[in-house]
Amino acid sequence: MSDQFRVVFVGFNADTDSQNAMESLAVKLGVSKEKIVAFTQGRPLFGAADKNKCLKQAKLLAIYGFQSKVQPLQNSAPSTAQVDTAANERVFEALDYITSSLIRIEEKLEELEQRIDVQTKSIDEKDDEQWQNDELFDELDLDSEPKPKSKKLLFTLLVILFILLIVLGFSLAFPEMVKF
């Protein structure tokens, strides 16, 4: 397996305008200018490759006024293990934080339930006391007899009903005399 190399930014040539060089390289490579700016700040622009390919990339950068060097990549296995360990530690810390947060929330919910239970019991007791209090009924006069109702309306309705029955009977007995 061949060694892997990467092109690293060193600086600009003395006679190069950095903005124009970055814009020209972005157009040539078909990438955003932000990616070129990130390259000048230490981020990789090209992926890891063999030495010949990296030399060609460095030559292309030199055409646009960039100074770069080809740097061998270190064995990434130990760093990957360190990254995995650090990631696992962050995950465990996050899980611990979430667990403790859930416990605090559960305690708050229990406290609120107890408060609500106490408040509802006190409200129920107040309601019971109010209904047991006879002061509300003292104001009402429960022993008085109702006023006698007038029978005038009843007699009027009976008279009208009697007249209508007579007209109905007359219209049934002599249908040719009554036409509606």
# chains A, B, ... in the order shown; residues from 1 in each chain; ligands from 1

$ select_by_dssp --residues "stretch 14-165 of chain A" --states "strand (DSSP E or B)" --output "PyMOL selection string"
chain A and resi 49+66-72

$ residues_around --residues "stretch 56-63 of chain A" --least-positions-apart "6" --cutoff "9 Å" --atoms "only C-alpha atoms" --output "number ranges by chain"
A: 7-8, 12-13, 25, 46, 69-70

$ atom_distance --atom1 "atom CA of A:Asp3" --atom2 "atom CA of A:Asp50"
6.4 Å

$ closest_residue --among "A:Ala48, A:Glu145, A:Tyr64, A:Met177" --to "A:Asp17" --atoms "only C-alpha atoms"
A:Tyr64

$ select_by_dssp --residues "stretch 2-156 of chain A" --states "alpha helix (DSSP H)" --output "number ranges by chain"
A: 18-29, 33-40, 51-63, 77-132, 135-138, 152-156
